[in-house]
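Asks: Take this structure first; my questions come after.
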Amino acid sequence: MQQDIQVWKNALVRIFGKRAKNSWKSAVLDFKMVDHGIKMTCLFDRWLVCAKEMIDFVTSLHNQGLIKNPIGVLAVGVDVIIYNEKSFQHTFSVNISSVLFVDITSTLKQPTLINEGKVLKTKEVLIEFLSKVCPNDDRTMSVNNMEISEELNVPTLFGLLLGYPIVYWYDRSVGEDNCLTSHSLTLFQVKGYLSNKDLTKDSSEQSHVIFSFSAPQNLFHLLTLKVRDWFFQWKECNHWQEVFCEVILKIETVNPQAVCL
C-alpha cells in the first residue's frame, strides 16, 4: 500500500509541481472518495489548480490505473470540481428533490426557510446544464464549463453541486451581502476515520472531513433532524468502507465574525 501512495504522490507532483508537496495526502483522499462514490463531487480548492491541469492529472490517473471509475472535471467560473461520472447525474437528481433552502438575504433580521419557488431558476439552469454533460471516453477528456450568470445564485449552485442537504439562497436584486453576520451557526461535519494509516497526515490526525456545511443556529431544531436523516441514509450506502473504518456526524456551534459565501 505504501508503494501505491508513493505513485499517487509522484503523479501529483508531476502535474502540479512543488505546490503538491503540501497537503498531498488530503488531495489523494478527495480523489479516492469521488472514485469510490463516497461523495459524488468534490470542490478541489488546493494549489490554485486550473481546469486544464486537472484534466491532465485525471488522465494520468486513468492511464496509471490509480482510479477505478471515470472522473469528470467541471469548471464553475474559476473553481474546479471533480465528479464521479457513473453516479453524479443519478445521485444529483435524487438528492435535489429533498434539499432544504435557507434565505439569508441581507435585509432579513434572521435567516428563514423558503419555498422552492425562489430557487427554481437556479435549479432549472443547473439541471439543464447537467443534462448536456457528456461522459468522456477512454481516449479524450474535456472540461465541462459552467459560466456564472446573473440568473444563477452562487451559494445555491455550489450547495447543490456538492450534495449538501441544506443550501443557502439570497435575493441578488437586494445585494450580494447576507444576514448571517452576528448570527451563530451550526457547523455540520461528516468525518471519516482512515483505514489506511499511510494516508494520515501525521500520527495525531487519523481522520478526514468528508462533508462540511453550516446552517443558522436559529433554525437548529428544524434542520438538525433533517441532517441526521441525510447522514444515516448516506452512511447506509457503505461505499465509505472502501476508505474509512468509521464515519461520524459532528455538530457544533460556531460564531464567525463575518460569513463570506
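Here, A, B, ... name the chains of the C-alpha cells in the order displayed, residue numbers run from 1 inside each chain, and ligands are numbered from 1 in the same displayed order.
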Pick out the residues sitting within 12 Å of A:Asn10, and hand them over as a list in words; count only C-alpha atoms, and ignore anything fewer than 2 positions along from it in its own chain.
Replies: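 The filter keeps Gln3, Asp4, Ile5, Gln6, Val7, Trp8, Leu12, Val13, Arg14, Ile15, Phe16, Gly17, Lys18, Ala20, Lys21, Trp24, Lys25, Val28, Phe57, Ser60, Leu61, Gln64 and Leu66 of chain A.
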Asks: Using Å and a single decimal, report how far atom CA of A:Thr156 sits from atom CA of A:Lys32.
Replies: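 Straight-line distance from atom CA of A:Lys32 to atom CA of A:Thr156 works out to 25.7 Å.
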Asks: So that I can see what lies close to A:Pro111, please list as a JSON list (two decimals) with N, CA, C and O atoms, in the first residue's frame the residues with an atom at most 10 Å from it, counting only C-alpha atoms and leaving out residues fewer than 6 positions away in the same chain.
Replies:
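Result file is selection.json:
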[["chain", "number", "residue", "atom", "x", "y", "z"],
["A", 102, "VAL", "N", -32.37, 27.84, 2.70],
["A", 102, "VAL", "CA", -32.42, 28.86, 3.74],
["A", 102, "VAL", "C", -32.16, 30.22, 3.12],
["A", 102, "VAL", "O", -31.13, 30.44, 2.47],
["A", 103, "ASP", "N", -33.10, 31.16, 3.33],
["A", 103, "ASP", "CA", -32.99, 32.52, 2.81],
["A", 103, "ASP", "C", -32.12, 33.34, 3.76],
["A", 103, "ASP", "O", -32.42, 33.49, 4.94],
["A", 104, "ILE", "N", -31.00, 33.88, 3.22],
["A", 104, "ILE", "CA", -30.09, 34.69, 4.03],
["A", 104, "ILE", "C", -29.94, 36.09, 3.43],
["A", 104, "ILE", "O", -28.89, 36.73, 3.58],
["A", 105, "THR", "N", -30.98, 36.57, 2.75],
["A", 105, "THR", "CA", -30.95, 37.90, 2.17],
["A", 105, "THR", "C", -30.62, 38.94, 3.23],
["A", 105, "THR", "O", -31.09, 38.87, 4.36],
["A", 168, "TYR", "N", -27.90, 27.49, 1.12],
["A", 168, "TYR", "CA", -28.22, 28.91, 1.28],
["A", 168, "TYR", "C", -28.72, 29.52, -0.04],
["A", 168, "TYR", "O", -28.31, 29.11, -1.13],
["A", 169, "TRP", "N", -29.57, 30.54, 0.11],
["A", 169, "TRP", "CA", -30.04, 31.33, -1.01],
["A", 169, "TRP", "C", -30.21, 32.77, -0.54],
["A", 169, "TRP", "O", -30.54, 33.00, 0.63],
["A", 170, "TYR", "N", -29.93, 33.74, -1.42],
["A", 170, "TYR", "CA", -30.25, 35.13, -1.08],
["A", 170, "TYR", "C", -30.73, 35.86, -2.33],
["A", 170, "TYR", "O", -30.45, 35.45, -3.46],
["A", 178, "ASN", "N", -25.18, 39.15, 3.03],
["A", 178, "ASN", "CA", -26.11, 38.22, 3.66],
["A", 178, "ASN", "C", -26.37, 38.65, 5.10],
["A", 178, "ASN", "O", -25.72, 39.55, 5.62],
["A", 179, "CYS", "N", -27.33, 38.01, 5.74],
["A", 179, "CYS", "CA", -27.73, 38.38, 7.10],
["A", 179, "CYS", "C", -27.11, 37.47, 8.16],
["A", 179, "CYS", "O", -27.55, 37.48, 9.32],
["A", 180, "LEU", "N", -26.10, 36.69, 7.79],
["A", 180, "LEU", "CA", -25.52, 35.74, 8.74],
["A", 180, "LEU", "C", -24.56, 36.37, 9.73],
["A", 180, "LEU", "O", -24.27, 35.80, 10.78],
["A", 183, "HIS", "N", -24.81, 36.25, 13.61],
["A", 183, "HIS", "CA", -25.67, 35.11, 13.97],
["A", 183, "HIS", "C", -24.81, 33.88, 14.21],
["A", 183, "HIS", "O", -23.87, 33.59, 13.47],
["A", 215, "ALA", "N", -25.51, 25.84, 9.01],
["A", 215, "ALA", "CA", -26.91, 26.29, 8.99],
["A", 215, "ALA", "C", -27.09, 27.26, 10.14],
["A", 215, "ALA", "O", -26.38, 27.18, 11.15],
["A", 216, "PRO", "N", -28.01, 28.19, 10.03],
["A", 216, "PRO", "CA", -28.22, 29.17, 11.09],
["A", 216, "PRO", "C", -28.69, 28.50, 12.39],
["A", 216, "PRO", "O", -29.52, 27.59, 12.36],
["A", 217, "GLN", "N", -28.14, 28.96, 13.49],
["A", 217, "GLN", "CA", -28.48, 28.39, 14.79],
["A", 217, "GLN", "C", -29.96, 28.58, 15.12],
["A", 217, "GLN", "O", -30.56, 27.73, 15.79],
["A", 218, "ASN", "N", -30.57, 29.65, 14.64],
["A", 218, "ASN", "CA", -31.98, 29.89, 14.96],
["A", 218, "ASN", "C", -32.91, 28.86, 14.33],
["A", 218, "ASN", "O", -34.06, 28.72, 14.73],
["A", 219, "LEU", "N", -32.40, 28.09, 13.34],
["A", 219, "LEU", "CA", -33.18, 27.04, 12.71],
["A", 219, "LEU", "C", -32.72, 25.65, 13.13],
["A", 219, "LEU", "O", -33.05, 24.64, 12.49]]
Asks: Residues within 7 Å of A:Ser195, please, as a list in words. Count only C-alpha atoms; anything in the same chain fewer than 3 positions from it doesn't count.
Replies: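 Here the qualifying residues turn out to be Val243, Phe244 and Cys245 of chain A.
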Asks: Now that the selection is made, can you save its residues with N, CA, C and O atoms as a compact mmCIF listing (two decimals), in the first residue's frame?
Replies:
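Saved result, result.txt, follows:
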# COMPACT_ATOMS: atom_id res chain seq x y z
N VAL A 243 -12.61 3.32 2.21
CA VAL A 243 -11.53 4.22 2.62
C VAL A 243 -11.47 4.38 4.14
O VAL A 243 -10.39 4.51 4.71
N PHE A 244 -12.63 4.33 4.79
CA PHE A 244 -12.71 4.63 6.22
C PHE A 244 -13.20 3.43 7.01
O PHE A 244 -13.97 2.61 6.51
N CYS A 245 -12.75 3.34 8.26
CA CYS A 245 -13.22 2.27 9.14
C CYS A 245 -14.41 2.72 9.97
O CYS A 245 -15.15 1.89 10.52
Asks: Quick one: pick out all alpha helix (DSSP H) residues within stretch 101-256 of chain A from a backbone DSSP run and write them as number ranges by chain.
Replies: A: 120-131, 154-161, 220-235
Asks: What is the atom CA of A:Ile127-atom CA of A:Val190 distance in Å, reported with one decimal?
Replies: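 Here the two named atoms are 26.2 Å from each other.
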Asks: With only C-alpha atoms as the basis for distance, which of A:Glu176, A:Glu252, A:Glu242, A:Glu116 is at the shortest distance from A:Val34?
Replies: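 Smallest distance to A:Val34 is found for A:Glu242.
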Asks: Quick one: which stretch 94-176 of chain A residues come within 10 Å of stretch 37-49 of chain A, and what is the nearest atom pair for each with the distance in Å to one decimal, counting only C-alpha atoms, rows ordered by chain and ascending number, as a Markdown table?
Replies:
| residue | atom | partner | partner_atom | distance |
| --- | --- | --- | --- | --- |
| A:Phe158 | CA | A:Leu43 | CA | 8.9 |
| A:Leu161 | CA | A:Thr41 | CA | 7.1 |
| A:Leu162 | CA | A:Thr41 | CA | 5.7 |
| A:Gly163 | CA | A:Met40 | CA | 7.4 |
Asks: Applying 8 Å and only C-alpha atoms, which residues near stretch 227-237 of chain A remain after dropping the ones on its own chain fewer than 3 positions away? List them as a ChimeraX atom specification.
Replies: /A:165-166,190,223-224,240,247,249
Asks: What's the separation between atom CA of A:Leu157 and atom CA of A:Tyr83, in Å to one decimal place?
Replies: 15.0 Å
Asks: Rank nothing, just name the residue among A:Leu222, A:Met33, A:Asn22, A:Asn84 nearest to A:Ile210, using only C-alpha atoms.
Replies: A:Met33
